[in-house]
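S.K.: File entry.cif follows (mmCIF, C-alpha atoms):
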data_query
#
loop_
_atom_site.label_atom_id
_atom_site.label_comp_id
_atom_site.auth_asym_id
_atom_site.auth_seq_id
_atom_site.Cartn_x
_atom_site.Cartn_y
_atom_site.Cartn_z
CA MET A 75 30.05 143.25 47.81
CA GLU A 76 32.45 142.25 50.47
CA GLU A 77 34.99 139.64 49.44
CA THR A 78 35.39 136.59 51.68
CA PRO A 79 39.01 136.22 52.50
CA ASP A 80 39.05 132.44 52.87
CA SER A 81 37.32 131.58 49.53
CA ALA A 82 39.40 128.93 47.62
CA PRO A 83 40.24 129.03 43.96
CA PRO A 84 38.35 126.49 41.75
CA SER A 85 39.79 122.92 41.88
CA VAL A 86 41.88 121.76 38.93
CA ALA A 87 42.42 117.99 38.12
CA PRO A 88 46.04 116.94 38.29
CA ALA A 89 47.69 116.40 34.94
CA ALA A 90 48.21 112.78 33.85
CA PRO A 91 51.82 111.65 33.94
CA VAL A 92 53.49 111.66 30.63
CA ALA A 93 54.97 108.30 29.64
CA PRO A 94 58.53 108.40 28.54
CA ASP A 95 59.18 107.96 24.87
CA VAL A 96 59.69 104.21 24.11
CA PRO A 97 60.70 103.16 20.64
CA ALA A 98 58.10 100.85 18.93
CA PRO A 99 59.20 97.19 18.37
CA PRO A 100 60.41 96.43 14.89
CA ALA A 101 57.75 94.92 12.62
CA PRO A 102 58.21 91.17 11.94
CA PRO A 103 59.39 90.24 8.48
CA ALA A 104 56.07 88.42 7.89
CA SER A 105 53.01 87.57 9.95
CA ILE A 106 52.51 84.12 11.40
CA ALA A 107 49.69 83.48 8.94
CA ALA A 108 51.88 84.55 6.07
CA ARG A 109 54.67 82.25 7.17
CA ALA A 110 52.25 79.28 7.60
CA THR A 111 50.86 79.92 4.15
CA SER A 112 54.36 80.01 2.75
CA LYS A 113 55.29 76.68 4.39
CA TYR A 114 52.02 75.07 3.26
CA ALA A 115 52.67 76.17 -0.30
CA LEU A 116 56.18 74.79 -0.08
CA TRP A 117 54.91 71.40 1.15
CA LEU A 118 52.34 71.33 -1.62
CA CYS A 119 55.05 71.96 -4.16
CA LEU A 120 57.11 69.13 -2.69
CA ALA A 121 54.17 66.72 -2.31
CA VAL A 122 53.50 66.49 -6.02
CA PRO A 123 56.96 65.25 -7.08
CA VAL A 124 57.23 63.03 -3.95
CA ALA A 125 53.89 61.40 -4.74
CA ALA A 126 55.00 60.91 -8.32
CA ILE A 127 58.22 59.25 -7.20
CA VAL A 128 56.33 56.94 -4.81
CA GLU A 129 53.89 56.04 -7.57
CA VAL A 130 56.69 55.23 -10.00
CA VAL A 131 58.51 53.11 -7.41
CA ALA A 132 55.28 51.27 -6.53
CA HIS A 133 54.64 50.64 -10.21
CA PHE A 134 58.05 49.09 -10.75
CA VAL A 135 57.70 46.99 -7.56
CA GLN A 136 54.33 45.68 -8.72
CA VAL A 137 55.56 44.98 -12.20
CA ALA A 138 58.61 43.20 -10.82
CA ARG A 139 56.38 40.94 -8.66
CA VAL A 140 54.01 39.95 -11.46
CA VAL A 141 54.60 36.37 -12.56
CA SER A 142 54.78 36.15 -16.33
CA ASP A 143 52.52 33.94 -18.39
CA ALA A 144 55.61 32.14 -19.63
CA ASP A 145 56.58 31.20 -16.06
CA TRP A 146 53.08 29.89 -15.35
CA ARG A 147 53.08 27.77 -18.51
CA ALA A 148 56.54 26.39 -17.79
CA ALA A 149 55.57 25.53 -14.21
CA GLY A 150 52.39 23.85 -15.47
CA GLU A 151 54.38 21.69 -17.86
CA GLU A 152 56.81 20.74 -15.09
CA VAL A 153 54.04 19.75 -12.68
CA ALA A 154 52.17 17.83 -15.38
CA HIS A 155 55.34 15.83 -15.95
CA THR A 156 56.16 15.12 -12.29
CA ALA A 157 52.81 14.91 -10.47
CA LYS A 158 51.44 11.45 -9.68
CA PRO A 159 47.68 10.79 -9.96
CA ASP A 160 47.19 10.73 -6.19
CA ASP A 161 49.35 13.81 -5.52
CA LEU A 162 47.85 17.04 -4.28
CA VAL A 163 48.66 20.09 -6.41
CA ALA A 164 48.03 23.22 -4.35
CA PHE A 165 48.62 26.91 -4.97
CA ALA A 166 50.00 29.49 -2.52
CA PRO A 167 48.78 32.05 -1.73
CA TYR A 168 45.13 31.00 -2.06
CA TRP A 169 44.23 33.88 -4.34
CA SER A 170 46.66 32.59 -7.00
CA GLU A 171 44.60 29.42 -7.52
CA PRO A 172 42.53 30.85 -10.43
CA LEU A 173 45.80 31.59 -12.23
CA GLY A 174 46.94 28.06 -11.55
CA ARG A 175 43.72 26.60 -12.93
CA ARG A 176 44.02 28.76 -16.04
CA PHE A 177 47.59 27.85 -16.94
CA PHE A 178 47.80 24.30 -15.56
CA GLY A 179 44.50 23.16 -17.09
CA ASP A 180 41.94 20.75 -15.69
CA LYS A 181 44.19 17.74 -16.22
CA VAL A 182 46.50 19.01 -13.47
CA ALA A 183 44.24 21.39 -11.54
CA THR A 184 41.57 18.71 -11.23
CA LEU A 185 38.32 19.08 -9.34
CA ALA A 186 39.50 16.52 -6.77
CA ARG A 187 42.52 18.72 -6.07
CA VAL A 188 41.18 22.27 -6.17
CA ALA A 189 37.84 21.40 -4.45
CA ARG A 190 39.25 18.82 -2.04
CA PRO A 191 37.55 18.30 1.35
CA ASP A 192 40.95 18.49 3.10
CA ASP A 193 44.56 17.37 2.58
CA THR A 194 44.62 14.26 4.78
CA ARG A 195 44.12 11.69 2.01
CA PHE A 196 47.01 12.84 -0.18
CA PRO A 197 50.35 11.03 0.37
CA ARG A 198 52.30 13.77 -1.39
CA ALA A 199 51.81 17.40 -2.41
CA ILE A 200 53.34 19.75 -4.94
CA GLU A 201 53.00 23.28 -3.65
CA VAL A 202 53.04 25.90 -6.42
CA SER A 203 54.16 29.07 -4.69
CA ILE A 204 54.67 32.70 -5.71
CA ARG A 205 56.02 35.64 -3.68
CA GLY A 206 57.35 33.32 -0.98
CA ALA A 207 53.89 32.23 0.18
CA HIS A 208 53.22 28.80 1.73
CA LEU A 209 50.12 26.90 2.83
CA SER A 210 49.88 26.57 6.62
CA GLU A 211 48.12 23.20 6.40
CA LEU A 212 51.23 21.74 4.75
CA SER A 213 53.67 23.19 7.28
CA THR A 214 54.18 19.84 9.06
CA TRP A 215 54.79 17.88 5.86
CA LYS A 216 58.33 16.83 4.98
CA LYS A 217 59.99 18.77 2.16
CA VAL A 218 61.71 16.40 -0.24
CA ASP A 219 62.36 18.63 -3.24
CA GLU A 220 62.27 22.26 -4.33
CA LYS A 221 62.63 23.69 -7.80
CA LYS A 222 62.49 27.21 -9.24
CA VAL A 223 60.68 27.82 -12.50
CA GLY A 224 61.17 31.51 -13.15
CA ALA A 225 59.33 33.38 -10.40
CA ILE A 226 57.48 30.23 -9.27
CA THR A 227 58.69 27.79 -6.62
CA LEU A 228 57.64 24.15 -6.85
CA THR A 229 58.00 22.36 -3.52
CA THR A 230 57.38 18.63 -3.17
CA LEU A 231 56.18 17.58 0.28
CA GLU A 232 55.40 14.19 1.83
CA ASN A 233 52.44 13.63 4.16
CA PRO A 234 53.78 12.13 7.42
CA ALA A 235 50.52 10.21 8.00
CA PRO A 236 48.30 9.92 4.91
CA ALA A 237 44.81 8.54 5.50
CA LYS A 238 43.73 5.38 3.70
CA VAL A 239 40.26 6.02 2.31
CA LEU A 240 38.19 2.84 1.97
CA PHE A 241 34.90 4.26 0.66
CA ASP A 242 34.29 7.83 -0.49
CA LEU A 243 30.59 8.73 -0.40
CA VAL A 244 31.06 11.55 -2.92
CA ALA A 245 32.20 9.01 -5.52
CA HIS A 246 29.13 6.81 -5.03
CA VAL A 247 26.15 9.13 -5.39
CA ASN A 248 24.63 7.18 -8.29
CA PRO A 249 21.74 4.74 -8.74
CA ASN A 250 24.05 1.70 -8.70
CA ASP A 251 25.55 2.41 -5.28
CA ALA A 252 22.96 4.53 -3.46
CA ARG A 253 19.28 5.28 -2.89
CA PHE A 254 17.65 8.56 -1.93
CA SER A 255 14.34 9.00 -0.15
CA VAL A 256 12.29 11.39 1.95
CA VAL A 257 10.96 10.26 5.32
CA ASP A 258 8.10 11.83 7.27
CA THR A 259 8.91 11.43 10.95
CA ARG A 260 5.23 11.81 11.89
CA THR A 261 4.08 8.79 9.93
CA HIS A 262 7.46 7.06 9.32
CA ALA A 263 6.48 6.86 5.66
CA GLU A 264 9.47 6.64 3.33
CA LYS A 265 9.31 7.49 -0.36
CA ASP A 266 12.12 6.70 -2.79
CA CYS A 267 13.13 9.35 -5.34
CA PRO A 268 14.49 8.61 -8.83
CA PHE A 269 17.87 9.52 -10.26
CA VAL A 270 17.38 12.11 -13.02
CA HIS A 271 19.48 13.64 -15.80
CA THR A 272 18.60 17.28 -16.48
CA PRO A 273 20.46 20.51 -17.30
CA PRO A 274 22.21 21.84 -14.18
CA GLY A 275 20.74 24.80 -12.31
CA THR A 276 22.81 27.97 -12.18
CA GLY A 277 24.45 28.88 -8.91
CA GLY A 278 26.67 31.95 -8.77
CA ILE A 279 26.68 35.09 -6.65
CA GLY A 280 23.40 35.58 -4.83
CA TYR A 281 22.09 32.12 -5.83
CA GLY A 282 24.44 29.85 -3.94
CA THR A 283 25.49 26.34 -4.92
CA ALA A 284 24.67 25.10 -8.43
CA ILE A 285 22.06 22.34 -8.67
CA PRO A 286 23.67 19.33 -10.38
CA GLY A 287 22.01 17.97 -13.51
CA ASP A 288 22.63 14.35 -12.51
CA ARG A 289 20.98 13.90 -9.13
CA PHE A 290 18.39 12.11 -7.06
CA ALA A 291 15.27 14.27 -7.14
CA CYS A 292 11.86 14.05 -5.49
CA ALA A 293 8.67 15.55 -6.87
CA GLU A 294 8.24 17.33 -3.53
CA GLY A 295 11.49 19.23 -4.02
CA PRO A 296 14.28 17.54 -2.00
CA PHE A 297 17.28 16.29 -4.00
CA ALA A 298 20.84 15.05 -3.58
CA GLY A 299 23.74 15.24 -6.00
CA ILE A 300 27.40 16.18 -6.35
CA SER A 301 28.17 19.88 -6.62
CA VAL A 302 30.87 22.37 -5.67
CA MET A 303 30.05 24.71 -2.83
CA SER A 304 31.64 28.01 -1.91
CA ALA A 305 32.19 27.56 1.83
CA LEU A 306 32.14 30.29 4.46
CA ASP A 307 35.81 31.12 3.79
CA TYR A 308 35.11 31.16 0.01
CA THR A 309 37.11 27.99 -0.63
CA ALA A 310 35.65 25.57 -3.20
CA ARG A 311 34.48 22.23 -1.76
CA GLN A 312 33.17 19.28 -3.73
CA CYS A 313 30.42 17.65 -1.71
CA ILE A 314 26.98 16.01 -1.65
CA TYR A 315 24.51 18.85 -2.06
CA ALA A 316 21.39 17.80 -0.11
CA PRO A 317 19.34 20.79 1.13
CA PRO A 318 16.94 19.52 3.82
CA GLN A 319 13.23 20.25 3.42
CA GLY A 320 12.71 21.06 7.09
CA GLY A 321 9.98 20.33 9.60
CA SER A 322 9.14 16.65 9.99
CA MET A 323 10.85 15.66 6.73
CA ILE A 324 14.20 13.86 6.56
CA SER A 325 16.37 13.57 3.44
CA ARG A 326 17.89 10.08 3.52
CA LEU A 327 20.77 8.59 1.54
CA ARG A 328 21.52 4.86 1.71
CA PHE A 329 24.88 3.56 0.45
CA SER A 330 25.21 -0.16 -0.18
CA ASN A 331 28.19 -2.47 0.15
CA VAL A 332 30.29 0.04 2.10
CA ASP A 333 33.75 -0.95 3.35
CA PHE A 334 34.14 0.11 6.98
CA GLY A 335 37.30 0.96 8.86
CA HIS A 336 37.88 2.64 12.20
CA ALA A 337 36.11 5.91 11.47
CA ILE A 338 33.76 7.90 9.29
CA HIS A 339 35.59 11.13 8.49
CA GLY A 340 34.01 14.15 6.85
CA HIS A 341 33.06 17.82 6.68
CA HIS A 342 29.84 19.75 6.25
CA GLY A 343 28.76 23.33 5.67
CA LEU A 344 26.43 25.72 3.88
CA SER A 345 26.85 28.13 1.01
CA VAL A 346 28.61 31.28 2.18
CA PHE A 347 25.78 33.46 0.84
CA TYR A 348 23.40 32.02 3.43
CA GLU A 349 25.63 30.80 6.24
CA ARG A 350 27.17 34.24 6.79
CA GLU A 351 23.72 35.65 7.62
CA LYS A 352 23.57 33.41 10.74
CA ILE A 353 19.78 33.29 10.76
CA GLY A 354 19.13 29.67 9.74
CA THR A 355 18.29 26.64 11.84
CA PRO A 356 20.98 24.03 12.64
CA VAL A 357 21.34 21.06 10.29
CA SER A 358 21.91 17.58 11.70
CA LEU A 359 23.60 14.65 10.02
CA THR A 360 22.84 11.21 11.50
CA PHE A 361 24.73 8.04 10.51
CA SER A 362 23.53 4.45 10.83
CA ILE A 363 25.13 1.14 9.84
CA ASP A 364 22.65 -1.58 8.90
CA ASP A 365 19.93 0.58 10.51
CA ALA A 366 21.81 0.85 13.83
CA PRO A 367 22.55 4.52 14.71
CA ILE A 368 26.26 5.14 15.29
CA GLY A 369 26.52 8.94 15.61
CA LYS A 370 25.17 12.40 14.89
CA VAL A 371 26.85 15.71 14.06
CA VAL A 372 25.28 19.19 13.94
CA HIS A 373 26.20 22.21 11.86
CA GLN A 374 25.45 25.71 13.18
CA ASP A 375 25.59 28.81 11.01
CA GLY A 376 29.07 30.27 11.36
CA ASP A 377 30.81 26.89 11.73
CA GLY A 378 32.14 27.07 8.18
CA TRP A 379 33.51 23.95 6.52
CA LYS A 380 33.33 21.96 9.75
CA PRO A 381 35.19 18.65 10.18
CA TYR A 382 33.77 15.68 12.06
CA GLU A 383 34.71 12.09 12.79
CA ILE A 384 32.66 9.17 14.13
CA GLY A 385 34.31 5.98 15.41
CA THR A 386 33.43 2.70 13.69
CA THR A 387 36.04 0.31 15.08
CA ALA A 388 33.34 -2.24 15.90
CA TYR A 389 32.65 -2.51 12.14
CA ALA A 390 36.27 -2.42 10.91
CA GLY A 391 36.92 -4.91 8.13
CA LYS A 392 33.21 -5.44 7.46
CA LYS A 393 30.83 -4.41 4.70
CA GLY A 394 27.34 -3.07 5.17
CA GLU A 395 24.77 -0.41 4.40
CA LEU A 396 25.47 3.14 5.53
CA THR A 397 22.47 5.43 6.01
CA VAL A 398 22.83 9.20 6.24
CA ASP A 399 19.88 11.35 7.38
CA VAL A 400 19.83 15.13 6.84
CA GLN A 401 17.33 17.14 8.90
CA THR A 402 16.61 20.71 10.07
CA ALA A 403 13.71 22.58 11.66
CA SER A 404 13.28 24.98 8.73
CA GLY A 405 14.47 24.50 5.17
CA ASN A 406 14.70 28.24 4.53
CA LYS A 407 18.13 29.13 3.13
CA ARG A 408 19.55 25.71 4.04
CA GLN A 409 21.87 25.13 1.06
CA TYR A 410 23.61 22.34 2.92
CA CYS A 411 26.45 20.19 1.58
CA PHE A 412 28.48 17.41 3.19
CA GLU A 413 31.15 14.86 2.39
CA ALA A 414 32.25 11.70 4.17
CA ASP A 415 34.47 8.68 3.75
CA THR A 416 35.34 5.55 5.68
CA ARG A 417 38.94 5.08 6.74
#
What do you get writing this file as structure tokens?

M.R.:
Amino acid sequence: MEETPDSAPPSVAPAAPVAPDVPAPPAPPASIAARATSKYALWLCLAVPVAAIVEVVAHFVQVARVVSDADWRAAGEEVAHTAKPDDLVAFAPYWSEPLGRRFFGDKVATLARVARPDDTRFPRAIEVSIRGAHLSELSTWKKVDEKKVGAITLTTLENPAPAKVLFDLVAHVNPNDARFSVVDTRTHAEKDCPFVHTPPGTGGIGYGTAIPGDRFACAEGPFAGISVMSALDYTARQCIYAPPQGGSMISRLRFSNVDFGHAIHGHHGLSVFYEREKIGTPVSLTFSIDDAPIGKVVHQDGDGWKPYEIGTTAYAGKKGELTVDVQTASGNKRQYCFEADTR
């Protein structure tokens, strides 16, 4: 066979270039994960003693701030000796009041003081303070004395404008000074209800204001008597507990031989356990003097222990009958309480 002269040799792929020898980078002393784990373990080791130190410091701070029983007793004795009958004795901060009641006793921490409607009627106050706390409502009163009894500060303050109370309705809810009745607005029929003496009904958490044993009570259910209500801000308030029946029915209190001044001053509210739900109907309070209407106030859920004032200058210096009507559209969860005085 004849060989073709121009036949080419088989093609061969070019060889890949050979990379120059490069030394490998040195291995790190530890991986990132290993280092993170090491730091985490170190922080854990430090956290335990640090937490212990913080706990010990907090313990000593708390212990140092605790007022001893001996200080409370000594302060109670001092206040019992210096407080006048018409002085206010108040505790700051508010949460210390149960301690004050325990150590001062009910002769100093009286119901009129710890369940007061407000501070306006007191000419003087003794503020029992711990941890540097003070009551904001006494901030404008004049400080006339301050005394330390251990860890307790006793500050005597003067009211720059004390109110002169002429007639306090809360003090006259009794059969000699008042009458209680229910009125049907559809027929204008009015039925008087007797004053009864029975065991009180339990209040407490979930049940609201306690039902007083001594009270005006109707066979149909409405009643009126003096109790202590836990207001929306959980402060104790002594007041006339008169839950309205609702619908066309009015709960009516008539006070006889009332001394009138320039105003009727008061507060009203509902038990915190029902007012905080904000689902009840408004409660109205209507005042009349000798059957002539002089003013009306309304309490809405969420108002709390709400103040009000109605002018009575036209009756100043006179005596007469004061009628108070309590009414609402629905009596459901209307544990309503009010207080009022003439001044």

S.K.: Please, what distance in Å, to one decimal, runs between CA of Lys265 (chain A) and CA of Asp365 (chain A)?

M.R.: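 Atom-to-atom, CA of Lys265 (chain A) to CA of Asp365 (chain A), that is 16.7 Å.
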
S.K.: Could you state which residues are captured by the PyMOL selection byres ((chain A and resi 303) around 7) in this file, as number ranges by chain?

M.R.: A: 283, 301-302, 304-305, 310-312, 345

S.K.: Pick out the closest residue to Cys411 (chain A) from this set: A:Ala149, A:Val244, A:Cys313, A:Ala157. Count all atoms listed in the file.

M.R.: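 Residue with the minimum atom-to-atom distance to Cys411 (chain A): A:Cys313.
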
S.K.: Might you pull out every residue within 6 Å of Asp251 (chain A), with only C-alpha atoms counted and same-chain residues fewer than 3 positions away left off, and present them as a list in words?

M.R.: His246, Asn248, Phe329 and Ser330 of chain A

S.K.: Within 8 Å of Val371 (chain A), counting all atoms listed in the file, which residues show up once you throw out same-chain ones fewer than 4 positions away? Write them as a ChimeraX atom specification, please.

M.R.: /A:358-360,382

S.K.: Just how far from CA of Leu327 (chain A) is CA of His271 (chain A), in Å to one decimal?

M.R.: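 Pair CA of His271 (chain A) / CA of Leu327 (chain A) returns 18.1 Å.
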
S.K.: Enumerate, in order of chain and increasing residue number, the residues of region 225-335 of chain A with an atom no farther than 7 Å from region 187-206 of chain A, each with its shortest atom pair and distance in Å to one decimal, counting all atoms listed in the file, as JSON lines.

M.R.:
{"residue": "A:Ala225", "atom": "CA", "partner": "A:Ile204", "partner_atom": "CA", "distance": 6.6}
{"residue": "A:Ile226", "atom": "CA", "partner": "A:Ile204", "partner_atom": "CA", "distance": 5.2}
{"residue": "A:Thr227", "atom": "CA", "partner": "A:Ser203", "partner_atom": "CA", "distance": 5.1}
{"residue": "A:Leu228", "atom": "CA", "partner": "A:Val202", "partner_atom": "CA", "distance": 4.9}
{"residue": "A:Thr229", "atom": "CA", "partner": "A:Glu201", "partner_atom": "CA", "distance": 5.1}
{"residue": "A:Thr230", "atom": "CA", "partner": "A:Ile200", "partner_atom": "CA", "distance": 4.6}
{"residue": "A:Leu231", "atom": "CA", "partner": "A:Ala199", "partner_atom": "CA", "distance": 5.1}
{"residue": "A:Glu232", "atom": "CA", "partner": "A:Arg198", "partner_atom": "CA", "distance": 4.5}
{"residue": "A:Asn233", "atom": "CA", "partner": "A:Pro197", "partner_atom": "CA", "distance": 5.0}
{"residue": "A:Pro236", "atom": "CA", "partner": "A:Pro197", "partner_atom": "CA", "distance": 5.1}
{"residue": "A:Ala237", "atom": "CA", "partner": "A:Arg195", "partner_atom": "CA", "distance": 4.8}
{"residue": "A:Lys238", "atom": "CA", "partner": "A:Arg195", "partner_atom": "CA", "distance": 6.5}
{"residue": "A:Val239", "atom": "CA", "partner": "A:Arg195", "partner_atom": "CA", "distance": 6.9}
{"residue": "A:Ala310", "atom": "CA", "partner": "A:Ala189", "partner_atom": "CA", "distance": 4.9}
{"residue": "A:Arg311", "atom": "CA", "partner": "A:Ala189", "partner_atom": "CA", "distance": 4.4}
{"residue": "A:Gln312", "atom": "CA", "partner": "A:Ala189", "partner_atom": "CA", "distance": 5.2}

S.K.: Enumerate, as a PDB file with C-alpha atoms, keeping the file's coordinate frame, the residues matched when the PyMOL selection byres ((chain A and resi 405) around 6) is run on the file above.

M.R.:
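Generated output (result.pdb):
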ATOM      1  CA  PRO A 318      16.940  19.520   3.820  1.00  0.00           C
ATOM      2  CA  GLN A 319      13.230  20.250   3.420  1.00  0.00           C
ATOM      3  CA  GLY A 320      12.710  21.060   7.090  1.00  0.00           C
ATOM      4  CA  SER A 404      13.280  24.980   8.730  1.00  0.00           C
ATOM      5  CA  ASN A 406      14.700  28.240   4.530  1.00  0.00           C
ATOM      6  CA  ARG A 408      19.550  25.710   4.040  1.00  0.00           C
TER       7      ARG A 408
END

S.K.: Between A:Gln401, A:Ser325, A:Asn331, A:Ser170, which residue has the minimum interatomic distance to Ser255 (chain A), considering all atoms listed in the file?

M.R.: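 Nearest candidate to Ser255 (chain A) out of A:Gln401, A:Ser325, A:Asn331, A:Ser170: A:Ser325.
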
S.K.: Can you tell me how far CA of Gly275 (chain A) sits from CA of Ala252 (chain A), in Å to one decimal?

M.R.: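 Between CA of Gly275 (chain A) and CA of Ala252 (chain A) the gap works out to 22.2 Å.
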
S.K.: Scan for residues within 9 Å of the point (25.5, 5.2, 11.5) in the coordinates of the file, using only C-alpha atoms, and reply as an NGL selection string.

M.R.: :A and (338 or 360-370 or 384 or 386 or 396-398)

S.K.: Ranking A:Ala263, A:Ala245, A:Leu240, A:Val153 by minimum distance to Glu220 (chain A) and counting all atoms listed in the file, which one comes first?

M.R.: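 Among A:Ala263, A:Ala245, A:Leu240, A:Val153, it is A:Val153 that comes nearest to Glu220 (chain A).
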
S.K.: Once the PyMOL selection byres ((chain A and resi 355) around 8) has been evaluated on this model, what residues remain selected, and can you format them as a ChimeraX atom specification?

M.R.: /A:353-354,356-357,374-375,402-405,408

S.K.: Need to verify the contact set: His342 (chain A), 8 Å, all atoms listed in the file, exclusion of same-chain residues closer than 2 positions in sequence. Can you return it as a count of residues only?

M.R.: 11

S.K.: Which is closer to Thr156 (chain A) than all the others in A:Val141, A:Val182, A:Leu306, A:Leu173, using only C-alpha atoms?

M.R.: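 Under the stated criterion, the closest residue is A:Val182.
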
S.K.: For each of A:Gly179, A:Pro167, A:Pro273, A:Gly150, take the minimum atom-to-atom distance to Val223 (chain A), counting all atoms listed in the file, then give the residue where this is smallest.

M.R.: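 So, comparing all the options, the nearest one is A:Gly150.
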
S.K.: May I have the protein, DNA and RNA residues with any atom at most 8 Å from the point (14.9, 21.7, -3.5), counting all atoms listed in the file, written as JSON, numbers by chain?

M.R.: {"A": [294, 295, 296, 297, 317, 318, 319]}

S.K.: Reconstruct N, CA and C atoms of region 344-365 of chain A; output as a CSV table (one decimal), in the frame of the given file.

M.R.:
chain,number,residue,atom,x,y,z
A,344,LEU,N,27.5,25.1,4.7
A,344,LEU,CA,26.4,25.7,3.9
A,344,LEU,C,27.1,26.8,3.0
A,345,SER,N,26.4,27.1,1.9
A,345,SER,CA,26.8,28.1,1.0
A,345,SER,C,27.1,29.4,1.8
A,346,VAL,N,28.2,30.1,1.5
A,346,VAL,CA,28.6,31.3,2.2
A,346,VAL,C,27.5,32.4,2.1
A,347,PHE,N,26.8,32.4,1.0
A,347,PHE,CA,25.8,33.5,0.8
A,347,PHE,C,24.6,33.4,1.9
A,348,TYR,N,24.5,32.2,2.4
A,348,TYR,CA,23.4,32.0,3.4
A,348,TYR,C,23.9,31.8,4.8
A,349,GLU,N,25.1,31.1,4.9
A,349,GLU,CA,25.6,30.8,6.2
A,349,GLU,C,26.1,32.1,6.9
A,350,ARG,N,26.6,33.0,6.2
A,350,ARG,CA,27.2,34.2,6.8
A,350,ARG,C,26.1,35.1,7.4
A,351,GLU,N,24.8,34.9,7.0
A,351,GLU,CA,23.7,35.6,7.6
A,351,GLU,C,23.4,35.2,9.1
A,352,LYS,N,23.7,34.0,9.4
A,352,LYS,CA,23.6,33.4,10.7
A,352,LYS,C,22.1,33.5,11.2
A,353,ILE,N,21.2,33.2,10.4
A,353,ILE,CA,19.8,33.3,10.8
A,353,ILE,C,19.1,32.0,10.5
A,354,GLY,N,19.8,30.9,10.0
A,354,GLY,CA,19.1,29.7,9.7
A,354,GLY,C,19.1,28.7,10.9
A,355,THR,N,18.4,27.7,10.8
A,355,THR,CA,18.3,26.6,11.8
A,355,THR,C,19.4,25.6,11.7
A,356,PRO,N,19.9,25.0,12.7
A,356,PRO,CA,21.0,24.0,12.6
A,356,PRO,C,20.6,22.8,11.8
A,357,VAL,N,21.6,22.2,11.1
A,357,VAL,CA,21.3,21.1,10.3
A,357,VAL,C,22.0,19.9,10.9
A,358,SER,N,21.3,18.8,11.1
A,358,SER,CA,21.9,17.6,11.7
A,358,SER,C,22.2,16.5,10.7
A,359,LEU,N,23.2,15.7,10.9
A,359,LEU,CA,23.6,14.6,10.0
A,359,LEU,C,23.7,13.4,10.9
A,360,THR,N,22.9,12.4,10.7
A,360,THR,CA,22.8,11.2,11.5
A,360,THR,C,23.3,10.0,10.7
A,361,PHE,N,24.2,9.2,11.2
A,361,PHE,CA,24.7,8.0,10.5
A,361,PHE,C,24.2,6.8,11.2
A,362,SER,N,23.9,5.8,10.3
A,362,SER,CA,23.5,4.4,10.8
A,362,SER,C,24.2,3.4,10.0
A,363,ILE,N,24.6,2.3,10.6
A,363,ILE,CA,25.1,1.1,9.8
A,363,ILE,C,24.2,0.0,10.0
A,364,ASP,N,23.7,-0.5,8.9
A,364,ASP,CA,22.6,-1.6,8.9
A,364,ASP,C,21.5,-1.2,9.9
A,365,ASP,N,21.1,0.0,9.7
A,365,ASP,CA,19.9,0.6,10.5
A,365,ASP,C,20.2,0.8,12.0
